[in-house]
Each structure stands twice: as structure tokens, then as C-alpha cells.
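Next up, model-v4.txt (compact mmCIF, N, CA and C atoms and all ligand atoms):
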# COMPACT_ATOMS: atom_id res chain seq x y z
N MET A 1 26.45 49.11 4.23
CA MET A 1 25.10 49.35 4.72
C MET A 1 24.64 48.17 5.57
N ARG A 2 24.20 48.49 6.73
CA ARG A 2 23.78 47.48 7.69
C ARG A 2 22.63 46.60 7.14
N THR A 3 21.61 47.26 6.59
CA THR A 3 20.43 46.54 6.11
C THR A 3 20.78 45.56 5.00
N ASN A 4 21.64 46.03 4.07
CA ASN A 4 22.05 45.17 2.96
C ASN A 4 22.81 43.95 3.45
N ARG A 5 23.67 44.18 4.44
CA ARG A 5 24.45 43.06 4.96
C ARG A 5 23.51 42.03 5.61
N TRP A 6 22.54 42.55 6.35
CA TRP A 6 21.57 41.67 7.00
C TRP A 6 20.78 40.89 5.95
N PHE A 7 20.35 41.63 4.91
CA PHE A 7 19.59 41.01 3.84
C PHE A 7 20.44 39.94 3.15
N GLY A 8 21.72 40.29 2.92
CA GLY A 8 22.63 39.35 2.28
C GLY A 8 22.78 38.07 3.07
N SER A 9 22.88 38.19 4.39
CA SER A 9 23.06 36.97 5.18
C SER A 9 21.77 36.15 5.22
N VAL A 10 20.62 36.80 5.15
CA VAL A 10 19.36 36.06 5.08
C VAL A 10 19.30 35.27 3.77
N VAL A 11 19.67 35.94 2.67
CA VAL A 11 19.67 35.27 1.37
C VAL A 11 20.63 34.08 1.40
N LEU A 12 21.83 34.29 1.94
CA LEU A 12 22.82 33.22 2.01
C LEU A 12 22.31 32.03 2.81
N SER A 13 21.67 32.30 3.95
CA SER A 13 21.21 31.17 4.75
C SER A 13 20.04 30.45 4.08
N CYS A 14 19.23 31.20 3.32
CA CYS A 14 18.16 30.56 2.55
C CYS A 14 18.74 29.64 1.49
N VAL A 15 19.77 30.14 0.79
CA VAL A 15 20.41 29.34 -0.25
C VAL A 15 21.01 28.09 0.37
N PHE A 16 21.66 28.27 1.52
CA PHE A 16 22.28 27.13 2.20
C PHE A 16 21.21 26.11 2.61
N ALA A 17 20.11 26.60 3.17
CA ALA A 17 19.02 25.70 3.59
C ALA A 17 18.47 24.94 2.40
N ALA A 18 18.34 25.62 1.27
CA ALA A 18 17.83 24.96 0.06
C ALA A 18 18.80 23.90 -0.42
N LEU A 19 20.10 24.19 -0.33
CA LEU A 19 21.11 23.21 -0.74
C LEU A 19 21.06 21.99 0.16
N VAL A 20 20.95 22.21 1.46
CA VAL A 20 20.89 21.09 2.40
C VAL A 20 19.66 20.24 2.11
N ALA A 21 18.54 20.90 1.85
CA ALA A 21 17.29 20.18 1.64
C ALA A 21 17.32 19.34 0.36
N THR A 22 18.06 19.81 -0.65
CA THR A 22 18.02 19.10 -1.93
C THR A 22 19.25 18.24 -2.17
N SER A 23 20.29 18.38 -1.35
CA SER A 23 21.51 17.63 -1.59
C SER A 23 21.35 16.16 -1.25
N PRO A 24 21.80 15.28 -2.16
CA PRO A 24 21.73 13.85 -1.84
C PRO A 24 22.65 13.47 -0.69
N VAL A 25 23.69 14.28 -0.44
CA VAL A 25 24.63 13.94 0.63
C VAL A 25 23.96 14.04 1.99
N TRP A 26 23.14 15.06 2.16
CA TRP A 26 22.51 15.26 3.47
C TRP A 26 21.08 14.71 3.52
N GLY A 27 20.53 14.41 2.36
CA GLY A 27 19.14 13.96 2.32
C GLY A 27 19.02 12.53 2.81
N ALA A 28 17.87 12.17 3.33
CA ALA A 28 17.63 10.80 3.78
C ALA A 28 17.33 9.93 2.56
N GLU A 29 17.59 8.62 2.71
CA GLU A 29 17.25 7.70 1.62
C GLU A 29 15.74 7.51 1.56
N LYS A 30 15.27 7.22 0.35
CA LYS A 30 13.84 6.95 0.17
C LYS A 30 13.67 5.51 -0.30
N ALA A 31 12.55 4.92 0.05
CA ALA A 31 12.28 3.54 -0.35
C ALA A 31 11.92 3.48 -1.83
N ILE A 32 12.55 2.56 -2.55
CA ILE A 32 12.18 2.27 -3.94
C ILE A 32 11.08 1.22 -3.92
N ALA A 33 11.24 0.23 -3.05
CA ALA A 33 10.24 -0.84 -2.91
C ALA A 33 10.39 -1.50 -1.55
N THR A 34 9.28 -1.99 -1.03
CA THR A 34 9.30 -2.77 0.21
C THR A 34 8.60 -4.08 -0.09
N GLN A 35 9.24 -5.17 0.28
CA GLN A 35 8.69 -6.48 -0.01
C GLN A 35 8.65 -7.30 1.27
N LYS A 36 7.50 -7.87 1.55
CA LYS A 36 7.33 -8.63 2.79
C LYS A 36 7.12 -10.10 2.45
N THR A 37 7.92 -10.97 3.06
CA THR A 37 7.68 -12.41 2.95
C THR A 37 7.07 -12.85 4.28
N LYS A 38 7.00 -14.16 4.49
CA LYS A 38 6.40 -14.66 5.73
C LYS A 38 7.13 -14.10 6.96
N ASP A 39 8.47 -14.12 6.96
CA ASP A 39 9.18 -13.62 8.14
C ASP A 39 10.20 -12.51 7.89
N VAL A 40 10.31 -12.03 6.66
CA VAL A 40 11.33 -11.02 6.36
C VAL A 40 10.71 -9.82 5.63
N VAL A 41 11.14 -8.63 6.05
CA VAL A 41 10.78 -7.41 5.31
C VAL A 41 12.04 -6.88 4.65
N ILE A 42 11.98 -6.72 3.35
CA ILE A 42 13.12 -6.24 2.59
C ILE A 42 12.79 -4.86 2.04
N THR A 43 13.68 -3.91 2.29
CA THR A 43 13.46 -2.57 1.76
C THR A 43 14.60 -2.21 0.83
N LEU A 44 14.24 -1.86 -0.39
CA LEU A 44 15.20 -1.40 -1.38
C LEU A 44 15.13 0.12 -1.35
N LYS A 45 16.32 0.77 -1.19
CA LYS A 45 16.35 2.23 -1.00
C LYS A 45 17.40 2.89 -1.87
N SER A 46 17.19 4.17 -2.11
CA SER A 46 18.24 4.98 -2.71
C SER A 46 18.00 6.44 -2.35
N GLU A 47 18.94 7.28 -2.71
CA GLU A 47 18.81 8.71 -2.42
C GLU A 47 17.57 9.28 -3.11
N SER A 48 17.35 8.88 -4.36
CA SER A 48 16.26 9.47 -5.13
C SER A 48 14.94 8.73 -4.94
N GLY A 49 15.00 7.49 -4.43
CA GLY A 49 13.79 6.70 -4.28
C GLY A 49 13.32 6.05 -5.56
N GLN A 50 14.17 6.10 -6.59
CA GLN A 50 13.82 5.38 -7.82
C GLN A 50 15.06 4.96 -8.59
N TRP A 51 14.85 3.97 -9.47
CA TRP A 51 15.93 3.54 -10.35
C TRP A 51 15.77 4.27 -11.67
N THR A 52 16.90 4.67 -12.22
CA THR A 52 16.88 5.37 -13.50
C THR A 52 17.85 4.68 -14.47
N LYS A 53 17.70 5.00 -15.74
CA LYS A 53 18.59 4.49 -16.78
C LYS A 53 20.02 4.89 -16.42
N GLY A 54 20.97 3.97 -16.62
CA GLY A 54 22.36 4.26 -16.26
C GLY A 54 22.71 3.59 -14.94
N LYS A 55 23.73 4.14 -14.29
CA LYS A 55 24.24 3.53 -13.07
C LYS A 55 23.47 4.00 -11.84
N ASN A 56 23.12 3.08 -10.96
CA ASN A 56 22.36 3.39 -9.75
C ASN A 56 23.04 2.78 -8.53
N ALA A 57 23.18 3.58 -7.49
CA ALA A 57 23.64 3.06 -6.19
C ALA A 57 22.39 2.83 -5.36
N PHE A 58 22.38 1.73 -4.60
CA PHE A 58 21.19 1.45 -3.78
C PHE A 58 21.58 0.72 -2.51
N ALA A 59 20.63 0.60 -1.59
CA ALA A 59 20.81 -0.17 -0.37
C ALA A 59 19.66 -1.16 -0.25
N VAL A 60 19.93 -2.31 0.34
CA VAL A 60 18.89 -3.29 0.64
C VAL A 60 18.97 -3.56 2.14
N GLU A 61 17.84 -3.44 2.80
CA GLU A 61 17.81 -3.67 4.25
C GLU A 61 16.88 -4.81 4.59
N PHE A 62 17.34 -5.66 5.51
CA PHE A 62 16.57 -6.83 5.95
C PHE A 62 16.13 -6.64 7.39
N ALA A 63 14.85 -6.85 7.65
CA ALA A 63 14.33 -6.81 9.01
C ALA A 63 13.37 -7.98 9.20
N THR A 64 13.20 -8.37 10.45
CA THR A 64 12.26 -9.46 10.74
C THR A 64 10.83 -8.91 10.74
N VAL A 65 9.90 -9.72 10.30
CA VAL A 65 8.48 -9.32 10.34
C VAL A 65 8.03 -9.26 11.81
N LYS A 66 8.52 -10.23 12.61
CA LYS A 66 8.10 -10.38 14.00
C LYS A 66 8.32 -9.11 14.83
N ASP A 67 9.55 -8.59 14.86
CA ASP A 67 9.81 -7.42 15.72
C ASP A 67 10.48 -6.26 14.96
N THR A 68 10.44 -6.31 13.64
CA THR A 68 11.01 -5.28 12.74
C THR A 68 12.47 -4.91 13.07
N GLN A 69 13.21 -5.88 13.63
CA GLN A 69 14.62 -5.65 13.91
C GLN A 69 15.48 -6.06 12.73
N PRO A 70 16.52 -5.26 12.41
CA PRO A 70 17.44 -5.67 11.34
C PRO A 70 18.16 -6.96 11.72
N PHE A 71 18.46 -7.80 10.76
CA PHE A 71 19.22 -9.01 11.05
C PHE A 71 20.21 -9.30 9.94
N ASP A 72 21.27 -10.02 10.29
CA ASP A 72 22.30 -10.39 9.33
C ASP A 72 21.73 -11.44 8.38
N ALA A 73 21.55 -11.06 7.11
CA ALA A 73 20.96 -11.96 6.13
C ALA A 73 22.02 -12.82 5.44
N GLY A 74 23.28 -12.65 5.81
CA GLY A 74 24.36 -13.45 5.23
C GLY A 74 24.71 -12.99 3.83
N LYS A 75 24.84 -13.96 2.93
CA LYS A 75 25.18 -13.63 1.55
C LYS A 75 23.92 -13.20 0.81
N VAL A 76 23.98 -12.03 0.18
CA VAL A 76 22.81 -11.47 -0.51
C VAL A 76 23.12 -11.25 -1.98
N THR A 77 22.19 -11.65 -2.84
CA THR A 77 22.34 -11.37 -4.26
C THR A 77 21.08 -10.68 -4.77
N LEU A 78 21.26 -9.85 -5.76
CA LEU A 78 20.11 -9.16 -6.38
C LEU A 78 20.28 -9.25 -7.89
N SER A 79 19.23 -9.67 -8.57
CA SER A 79 19.28 -9.66 -10.02
C SER A 79 17.96 -9.16 -10.57
N THR A 80 17.99 -8.63 -11.76
CA THR A 80 16.78 -8.10 -12.36
C THR A 80 16.59 -8.69 -13.75
N SER A 81 15.33 -8.77 -14.15
CA SER A 81 15.01 -9.33 -15.45
C SER A 81 13.92 -8.48 -16.08
N MET A 82 14.03 -8.25 -17.35
CA MET A 82 12.98 -7.50 -18.05
C MET A 82 12.52 -8.29 -19.26
N ALA A 83 11.21 -8.48 -19.35
CA ALA A 83 10.65 -9.18 -20.51
C ALA A 83 10.74 -8.26 -21.72
N MET A 84 11.34 -8.75 -22.80
CA MET A 84 11.48 -7.97 -24.02
C MET A 84 10.69 -8.70 -25.11
N PRO A 85 9.74 -8.03 -25.75
CA PRO A 85 8.93 -8.71 -26.77
C PRO A 85 9.81 -9.31 -27.88
N GLY A 86 9.60 -10.59 -28.16
CA GLY A 86 10.33 -11.26 -29.23
C GLY A 86 11.78 -11.51 -28.96
N MET A 87 12.22 -11.29 -27.72
CA MET A 87 13.64 -11.50 -27.40
C MET A 87 13.76 -12.24 -26.08
N ALA A 88 14.95 -12.73 -25.79
CA ALA A 88 15.21 -13.33 -24.48
C ALA A 88 15.12 -12.23 -23.43
N PRO A 89 14.66 -12.56 -22.22
CA PRO A 89 14.59 -11.52 -21.20
C PRO A 89 15.96 -10.89 -20.94
N MET A 90 15.93 -9.62 -20.63
CA MET A 90 17.17 -8.89 -20.38
C MET A 90 17.52 -9.04 -18.90
N ILE A 91 18.64 -9.65 -18.61
CA ILE A 91 19.05 -9.91 -17.22
C ILE A 91 20.14 -8.94 -16.81
N THR A 92 19.97 -8.29 -15.67
CA THR A 92 21.02 -7.43 -15.13
C THR A 92 21.23 -7.79 -13.67
N GLY A 93 22.45 -8.11 -13.32
CA GLY A 93 22.77 -8.46 -11.94
C GLY A 93 23.43 -7.29 -11.24
N ALA A 94 23.43 -7.34 -9.92
CA ALA A 94 24.06 -6.29 -9.14
C ALA A 94 25.09 -6.88 -8.20
N THR A 95 26.10 -6.11 -7.92
CA THR A 95 27.06 -6.47 -6.90
C THR A 95 26.51 -5.93 -5.59
N VAL A 96 26.38 -6.79 -4.60
CA VAL A 96 25.82 -6.37 -3.32
C VAL A 96 26.78 -6.82 -2.21
N SER A 97 27.15 -5.89 -1.34
CA SER A 97 28.03 -6.27 -0.23
C SER A 97 27.54 -5.66 1.08
N PRO A 98 27.88 -6.31 2.21
CA PRO A 98 27.38 -5.83 3.50
C PRO A 98 27.88 -4.43 3.83
N ASP A 99 27.02 -3.62 4.41
CA ASP A 99 27.40 -2.31 4.92
C ASP A 99 27.87 -2.50 6.36
N LYS A 100 28.22 -1.39 7.03
CA LYS A 100 28.67 -1.49 8.43
C LYS A 100 27.53 -1.91 9.36
N THR A 101 26.31 -1.43 9.05
CA THR A 101 25.14 -1.75 9.86
C THR A 101 24.66 -3.16 9.54
N PRO A 102 24.46 -4.02 10.56
CA PRO A 102 23.96 -5.36 10.28
C PRO A 102 22.60 -5.31 9.58
N GLY A 103 22.41 -6.20 8.61
CA GLY A 103 21.14 -6.24 7.90
C GLY A 103 21.05 -5.27 6.75
N ARG A 104 22.12 -4.48 6.55
CA ARG A 104 22.11 -3.49 5.48
C ARG A 104 23.20 -3.83 4.46
N TYR A 105 22.83 -3.78 3.19
CA TYR A 105 23.73 -4.13 2.09
C TYR A 105 23.73 -3.00 1.08
N LEU A 106 24.89 -2.80 0.44
CA LEU A 106 25.00 -1.74 -0.56
C LEU A 106 25.32 -2.35 -1.90
N GLY A 107 24.76 -1.77 -2.93
CA GLY A 107 25.02 -2.28 -4.27
C GLY A 107 24.95 -1.22 -5.33
N THR A 108 25.42 -1.60 -6.52
CA THR A 108 25.25 -0.74 -7.68
C THR A 108 24.73 -1.60 -8.82
N ILE A 109 23.95 -0.96 -9.69
CA ILE A 109 23.39 -1.68 -10.84
C ILE A 109 23.29 -0.69 -11.99
N GLU A 110 23.48 -1.20 -13.20
CA GLU A 110 23.44 -0.32 -14.36
C GLU A 110 22.39 -0.81 -15.35
N PHE A 111 21.46 0.07 -15.69
CA PHE A 111 20.39 -0.29 -16.63
C PHE A 111 20.59 0.41 -17.97
N PRO A 112 20.61 -0.36 -19.06
CA PRO A 112 20.80 0.24 -20.37
C PRO A 112 19.54 0.90 -20.94
N ASP A 113 18.37 0.56 -20.37
CA ASP A 113 17.14 1.14 -20.90
C ASP A 113 16.07 1.26 -19.82
N LEU A 114 14.96 1.88 -20.19
CA LEU A 114 13.84 2.05 -19.26
C LEU A 114 12.98 0.80 -19.26
N GLY A 115 12.04 0.74 -18.33
CA GLY A 115 11.09 -0.37 -18.30
C GLY A 115 11.05 -1.04 -16.95
N THR A 116 10.00 -1.79 -16.72
CA THR A 116 9.81 -2.45 -15.43
C THR A 116 10.67 -3.70 -15.32
N ARG A 117 11.36 -3.81 -14.21
CA ARG A 117 12.21 -4.97 -13.93
C ARG A 117 11.56 -5.87 -12.90
N GLN A 118 11.67 -7.18 -13.12
CA GLN A 118 11.36 -8.15 -12.07
C GLN A 118 12.64 -8.31 -11.26
N VAL A 119 12.57 -7.99 -9.99
CA VAL A 119 13.76 -8.03 -9.14
C VAL A 119 13.72 -9.28 -8.28
N THR A 120 14.82 -10.01 -8.24
CA THR A 120 14.92 -11.17 -7.35
C THR A 120 16.00 -10.89 -6.32
N VAL A 121 15.63 -10.94 -5.05
CA VAL A 121 16.60 -10.80 -3.97
C VAL A 121 16.68 -12.14 -3.25
N SER A 122 17.89 -12.65 -3.10
CA SER A 122 18.11 -13.91 -2.39
C SER A 122 19.07 -13.68 -1.25
N TRP A 123 18.89 -14.43 -0.18
CA TRP A 123 19.78 -14.33 0.96
C TRP A 123 20.02 -15.69 1.55
N ASP A 124 21.17 -15.84 2.20
CA ASP A 124 21.56 -17.12 2.78
C ASP A 124 22.49 -16.82 3.95
N GLY A 125 21.98 -16.94 5.16
CA GLY A 125 22.77 -16.59 6.33
C GLY A 125 22.38 -17.38 7.55
N PRO A 126 22.92 -16.98 8.71
CA PRO A 126 22.68 -17.71 9.96
C PRO A 126 21.19 -17.79 10.33
N ALA A 127 20.40 -16.80 9.91
CA ALA A 127 18.97 -16.80 10.27
C ALA A 127 18.12 -17.58 9.26
N GLY A 128 18.79 -18.12 8.24
CA GLY A 128 18.06 -18.88 7.25
C GLY A 128 18.27 -18.34 5.86
N LYS A 129 17.67 -19.02 4.88
CA LYS A 129 17.80 -18.51 3.52
C LYS A 129 16.45 -18.38 2.86
N GLY A 130 16.41 -17.54 1.85
CA GLY A 130 15.16 -17.32 1.15
C GLY A 130 15.38 -16.50 -0.09
N SER A 131 14.29 -16.23 -0.76
CA SER A 131 14.33 -15.51 -2.02
C SER A 131 12.96 -14.90 -2.25
N THR A 132 12.94 -13.72 -2.83
CA THR A 132 11.65 -13.09 -3.11
C THR A 132 11.74 -12.26 -4.39
N LYS A 133 10.60 -12.06 -5.01
CA LYS A 133 10.54 -11.30 -6.27
C LYS A 133 9.55 -10.16 -6.15
N PHE A 134 9.89 -9.04 -6.77
CA PHE A 134 8.97 -7.90 -6.84
C PHE A 134 9.36 -7.07 -8.05
N SER A 135 8.49 -6.15 -8.46
CA SER A 135 8.84 -5.39 -9.65
C SER A 135 9.14 -3.93 -9.32
N VAL A 136 10.09 -3.38 -10.07
CA VAL A 136 10.55 -2.00 -9.88
C VAL A 136 10.68 -1.34 -11.27
N PRO A 137 10.07 -0.19 -11.45
CA PRO A 137 10.24 0.50 -12.74
C PRO A 137 11.59 1.21 -12.83
N VAL A 138 12.17 1.20 -14.01
CA VAL A 138 13.37 2.02 -14.28
C VAL A 138 12.86 3.19 -15.09
N ARG A 139 12.96 4.38 -14.55
CA ARG A 139 12.35 5.57 -15.15
C ARG A 139 13.36 6.40 -15.92
CU CU A 201 15.23 -4.04 -21.85

Could you write out this file's structure as C-alpha cells?
Amino acid sequence: MRTNRWFGSVVLSCVFAALVATSPVWGAEKAIATQKTKDVVITLKSESGQWTKGKNAFAVEFATVKDTQPFDAGKVTLSTSMAMPGMAPMITGATVSPDKTPGRYLGTIEFPDLGTRQVTVSWDGPAGKGSTKFSVPVR
């Protein structure tokens, strides 16, 4: 039946469009946090736009405040700390390495529990070195 076939292809393309819209592979990254220092804007990103309990893949991007251009931040480290009542703060570090795009770094981090993390990002490269702190919830 012609009509059914037409209807079937409409349904299929709707399903495909929905898959494209929701798939992390094709979806754009969302900002988890943006932190501005005197001369650097740092954006922490991921597919979901948030950190969750367990393993998380993320990106960190460095741009200048002056002209919002990405720049090579050199060696980048990221660590997180969570204040735990009556205990030593819980420290979790991430492995961060440069991506193909200058100023962009990729990392993974694993959180054993929920709660707000104090994040420290440090960089040391040809354009200078610095460090900044901001907080990110693990949901
Ligand atoms: Cu904790």
C-alpha cells in the first residue's frame, strides 16, 4: 500500500531525527562551568553539561579575555576537592591531555559520590601560567 509505505518512511525519519537530536555522538557539547580570570576564560564542557557519579569524560578550553581566541595553555592539570564533614577533604584528580585543537584539552575523572566539588585548573605554557578555582556539582 502506497499510503502505508509513505507513512512508514515518515515515522522512520522522525525516529532518525529524534536519535540524532538526543545522541551524544552528534550532539554539541554543553558548558559545565565557565570561569574568567583577569586574562583567561576557561570553559569546562561535556556532552551532558554536567558531572555525574562515576566516570566522566570532559573538555577544558582556554581562550583569552582580550579577543576570545583559543590559545595554547601548555601543561594543564585539573583536580577536585570535596569538603567532607569530620573527614579529610576528598581529592580527585583528572588526567588531562591536549586535543588536536589548540587551547582544547580532554580529560576523564571518576567520582565515587555526589556533592559539590571545588575544582582547581592550573596551566603553564608559552603564554604564561596560572591557576583558578570554581565549584561544580556532581549530580
Ligand atoms: Cu565525598

Inset, instruction - Set the cut-off to 6.5 Å, count all atoms listed in the file, and list whatever residues fall near ligand CU 201 (chain A) as a ChimeraX atom specification. - result: /A:82-84,90,113-114

Hey, can you spit out that residue selection with N, CA and C atoms as a PDB file, in the coordinates of the input?
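See result.pdb below for the written result:
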ATOM      1  N   MET A  82      14.030  -8.250 -17.350  1.00  0.00           N
ATOM      2  CA  MET A  82      12.980  -7.500 -18.050  1.00  0.00           C
ATOM      3  C   MET A  82      12.520  -8.290 -19.260  1.00  0.00           C
ATOM      4  N   ALA A  83      11.210  -8.480 -19.350  1.00  0.00           N
ATOM      5  CA  ALA A  83      10.650  -9.180 -20.510  1.00  0.00           C
ATOM      6  C   ALA A  83      10.740  -8.260 -21.720  1.00  0.00           C
ATOM      7  N   MET A  84      11.340  -8.750 -22.800  1.00  0.00           N
ATOM      8  CA  MET A  84      11.480  -7.970 -24.020  1.00  0.00           C
ATOM      9  C   MET A  84      10.690  -8.700 -25.110  1.00  0.00           C
ATOM     10  N   MET A  90      15.930  -9.620 -20.630  1.00  0.00           N
ATOM     11  CA  MET A  90      17.170  -8.890 -20.380  1.00  0.00           C
ATOM     12  C   MET A  90      17.520  -9.040 -18.900  1.00  0.00           C
ATOM     13  N   ASP A 113      18.370   0.560 -20.370  1.00  0.00           N
ATOM     14  CA  ASP A 113      17.140   1.140 -20.900  1.00  0.00           C
ATOM     15  C   ASP A 113      16.070   1.260 -19.820  1.00  0.00           C
ATOM     16  N   LEU A 114      14.960   1.880 -20.190  1.00  0.00           N
ATOM     17  CA  LEU A 114      13.840   2.050 -19.260  1.00  0.00           C
ATOM     18  C   LEU A 114      12.980   0.800 -19.260  1.00  0.00           C
TER      19      LEU A 114
END

List as a PDB file with N, CA and C atoms, in the frame of the given file the protein and nucleic acid residues near range 73-78 of chain A, meaning an atom at most 7 Å away when all atoms listed in the file are counted, but skip any in the same chain fewer than 6 places from it.
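Saved the output as part_26.pdb:
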ATOM      1  N   PHE A  62      17.340  -5.660   5.510  1.00  0.00           N
ATOM      2  CA  PHE A  62      16.570  -6.830   5.950  1.00  0.00           C
ATOM      3  C   PHE A  62      16.130  -6.640   7.390  1.00  0.00           C
ATOM      4  N   THR A  92      19.970  -8.290 -15.670  1.00  0.00           N
ATOM      5  CA  THR A  92      21.020  -7.430 -15.130  1.00  0.00           C
ATOM      6  C   THR A  92      21.230  -7.790 -13.670  1.00  0.00           C
ATOM      7  N   GLY A  93      22.450  -8.110 -13.320  1.00  0.00           N
ATOM      8  CA  GLY A  93      22.770  -8.460 -11.940  1.00  0.00           C
ATOM      9  C   GLY A  93      23.430  -7.290 -11.240  1.00  0.00           C
ATOM     10  N   ALA A  94      23.430  -7.340  -9.920  1.00  0.00           N
ATOM     11  CA  ALA A  94      24.060  -6.290  -9.140  1.00  0.00           C
ATOM     12  C   ALA A  94      25.090  -6.880  -8.200  1.00  0.00           C
ATOM     13  N   THR A  95      26.100  -6.110  -7.920  1.00  0.00           N
ATOM     14  CA  THR A  95      27.060  -6.470  -6.900  1.00  0.00           C
ATOM     15  C   THR A  95      26.510  -5.930  -5.590  1.00  0.00           C
ATOM     16  N   VAL A  96      26.380  -6.790  -4.600  1.00  0.00           N
ATOM     17  CA  VAL A  96      25.820  -6.370  -3.320  1.00  0.00           C
ATOM     18  C   VAL A  96      26.780  -6.820  -2.210  1.00  0.00           C
ATOM     19  N   SER A  97      27.150  -5.890  -1.340  1.00  0.00           N
ATOM     20  CA  SER A  97      28.030  -6.270  -0.230  1.00  0.00           C
ATOM     21  C   SER A  97      27.540  -5.660   1.080  1.00  0.00           C
ATOM     22  N   PRO A 102      24.460  -4.020  10.560  1.00  0.00           N
ATOM     23  CA  PRO A 102      23.960  -5.360  10.280  1.00  0.00           C
ATOM     24  C   PRO A 102      22.600  -5.310   9.580  1.00  0.00           C
ATOM     25  N   GLY A 103      22.410  -6.200   8.610  1.00  0.00           N
ATOM     26  CA  GLY A 103      21.140  -6.240   7.900  1.00  0.00           C
ATOM     27  C   GLY A 103      21.050  -5.270   6.750  1.00  0.00           C
ATOM     28  N   ARG A 104      22.120  -4.480   6.550  1.00  0.00           N
ATOM     29  CA  ARG A 104      22.110  -3.490   5.480  1.00  0.00           C
ATOM     30  C   ARG A 104      23.200  -3.830   4.460  1.00  0.00           C
ATOM     31  N   VAL A 119      12.570  -7.990  -9.990  1.00  0.00           N
ATOM     32  CA  VAL A 119      13.760  -8.030  -9.140  1.00  0.00           C
ATOM     33  C   VAL A 119      13.720  -9.280  -8.280  1.00  0.00           C
ATOM     34  N   THR A 120      14.820 -10.010  -8.240  1.00  0.00           N
ATOM     35  CA  THR A 120      14.920 -11.170  -7.350  1.00  0.00           C
ATOM     36  C   THR A 120      16.000 -10.890  -6.320  1.00  0.00           C
ATOM     37  N   VAL A 121      15.630 -10.940  -5.050  1.00  0.00           N
ATOM     38  CA  VAL A 121      16.600 -10.800  -3.970  1.00  0.00           C
ATOM     39  C   VAL A 121      16.680 -12.140  -3.250  1.00  0.00           C
ATOM     40  N   SER A 122      17.890 -12.650  -3.100  1.00  0.00           N
ATOM     41  CA  SER A 122      18.110 -13.910  -2.390  1.00  0.00           C
ATOM     42  C   SER A 122      19.070 -13.680  -1.250  1.00  0.00           C
ATOM     43  N   TRP A 123      18.890 -14.430  -0.180  1.00  0.00           N
ATOM     44  CA  TRP A 123      19.780 -14.330   0.960  1.00  0.00           C
ATOM     45  C   TRP A 123      20.020 -15.690   1.550  1.00  0.00           C
ATOM     46  N   ASP A 124      21.170 -15.840   2.200  1.00  0.00           N
ATOM     47  CA  ASP A 124      21.560 -17.120   2.780  1.00  0.00           C
ATOM     48  C   ASP A 124      22.490 -16.820   3.950  1.00  0.00           C
ATOM     49  N   GLY A 125      21.980 -16.940   5.160  1.00  0.00           N
ATOM     50  CA  GLY A 125      22.770 -16.590   6.330  1.00  0.00           C
ATOM     51  C   GLY A 125      22.380 -17.380   7.550  1.00  0.00           C
ATOM     52  N   PRO A 126      22.920 -16.980   8.710  1.00  0.00           N
ATOM     53  CA  PRO A 126      22.680 -17.710   9.960  1.00  0.00           C
ATOM     54  C   PRO A 126      21.190 -17.790  10.330  1.00  0.00           C
ATOM     55  N   ALA A 127      20.400 -16.800   9.910  1.00  0.00           N
ATOM     56  CA  ALA A 127      18.970 -16.800  10.270  1.00  0.00           C
ATOM     57  C   ALA A 127      18.120 -17.580   9.260  1.00  0.00           C
ATOM     58  N   GLY A 128      18.790 -18.120   8.240  1.00  0.00           N
ATOM     59  CA  GLY A 128      18.060 -18.880   7.250  1.00  0.00           C
ATOM     60  C   GLY A 128      18.270 -18.340   5.860  1.00  0.00           C
TER      61      GLY A 128
END

Return as JSON the centre and edge lengths, in Å with one decimal, of the box along x, y and z that encloses every atom of range 109-127 of chain A in the file, padded by 3 Å per side.
{"center_x": 16.9, "center_y": -7.9, "center_z": -5.3, "size_x": 20.1, "size_y": 25.8, "size_z": 37.3}

Legend entry - Atom-to-atom span, atom N of Asp67 in chain A and CA of Val40 in chain A, Å: 9.0 Å

Inset, instruction - Please run DSSP on the backbone and report, as a ChimeraX atom specification, all residues within chain A that come out as alpha helix (DSSP H). - result: /A:2-22

Legend entry - Top pick for closest residue to Thr68 in chain A, considering A:Asp39, A:Gly54, A:Ser81, A:Met87 and counting only C-alpha atoms: A:Asp39

Legend entry - Between atom C of Ile91 in chain A and CA of Lys30 in chain A - distance in Å to one decimal: 24.1 Å

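Going from CA of Val65 in chain A over to CA of Thr132 in chain A, you cover 14.3 Å.
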
May I have the residues within 9 Å of Thr34 in chain A as an mmCIF file with N, CA and C atoms, in the frame of the given file, using only C-alpha atoms and disregarding those fewer than 4 positions away in the same chain?
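The new file around-v6.cif reads:
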data_model
loop_
_atom_site.group_PDB
_atom_site.id
_atom_site.type_symbol
_atom_site.label_atom_id
_atom_site.label_comp_id
_atom_site.auth_asym_id
_atom_site.auth_seq_id
_atom_site.Cartn_x
_atom_site.Cartn_y
_atom_site.Cartn_z
ATOM 1 N N VAL A 41 11.140 -8.630 6.050
ATOM 2 C CA VAL A 41 10.780 -7.410 5.310
ATOM 3 C C VAL A 41 12.040 -6.880 4.650
ATOM 4 N N ILE A 42 11.980 -6.720 3.350
ATOM 5 C CA ILE A 42 13.120 -6.240 2.590
ATOM 6 C C ILE A 42 12.790 -4.860 2.040
ATOM 7 N N THR A 43 13.680 -3.910 2.290
ATOM 8 C CA THR A 43 13.460 -2.570 1.760
ATOM 9 C C THR A 43 14.600 -2.210 0.830
ATOM 10 N N LEU A 44 14.240 -1.860 -0.390
ATOM 11 C CA LEU A 44 15.200 -1.400 -1.380
ATOM 12 C C LEU A 44 15.130 0.120 -1.350
ATOM 13 N N LYS A 45 16.320 0.770 -1.190
ATOM 14 C CA LYS A 45 16.350 2.230 -1.000
ATOM 15 C C LYS A 45 17.400 2.890 -1.870
ATOM 16 N N PHE A 134 9.890 -9.040 -6.770
ATOM 17 C CA PHE A 134 8.970 -7.900 -6.840
ATOM 18 C C PHE A 134 9.360 -7.070 -8.050
#
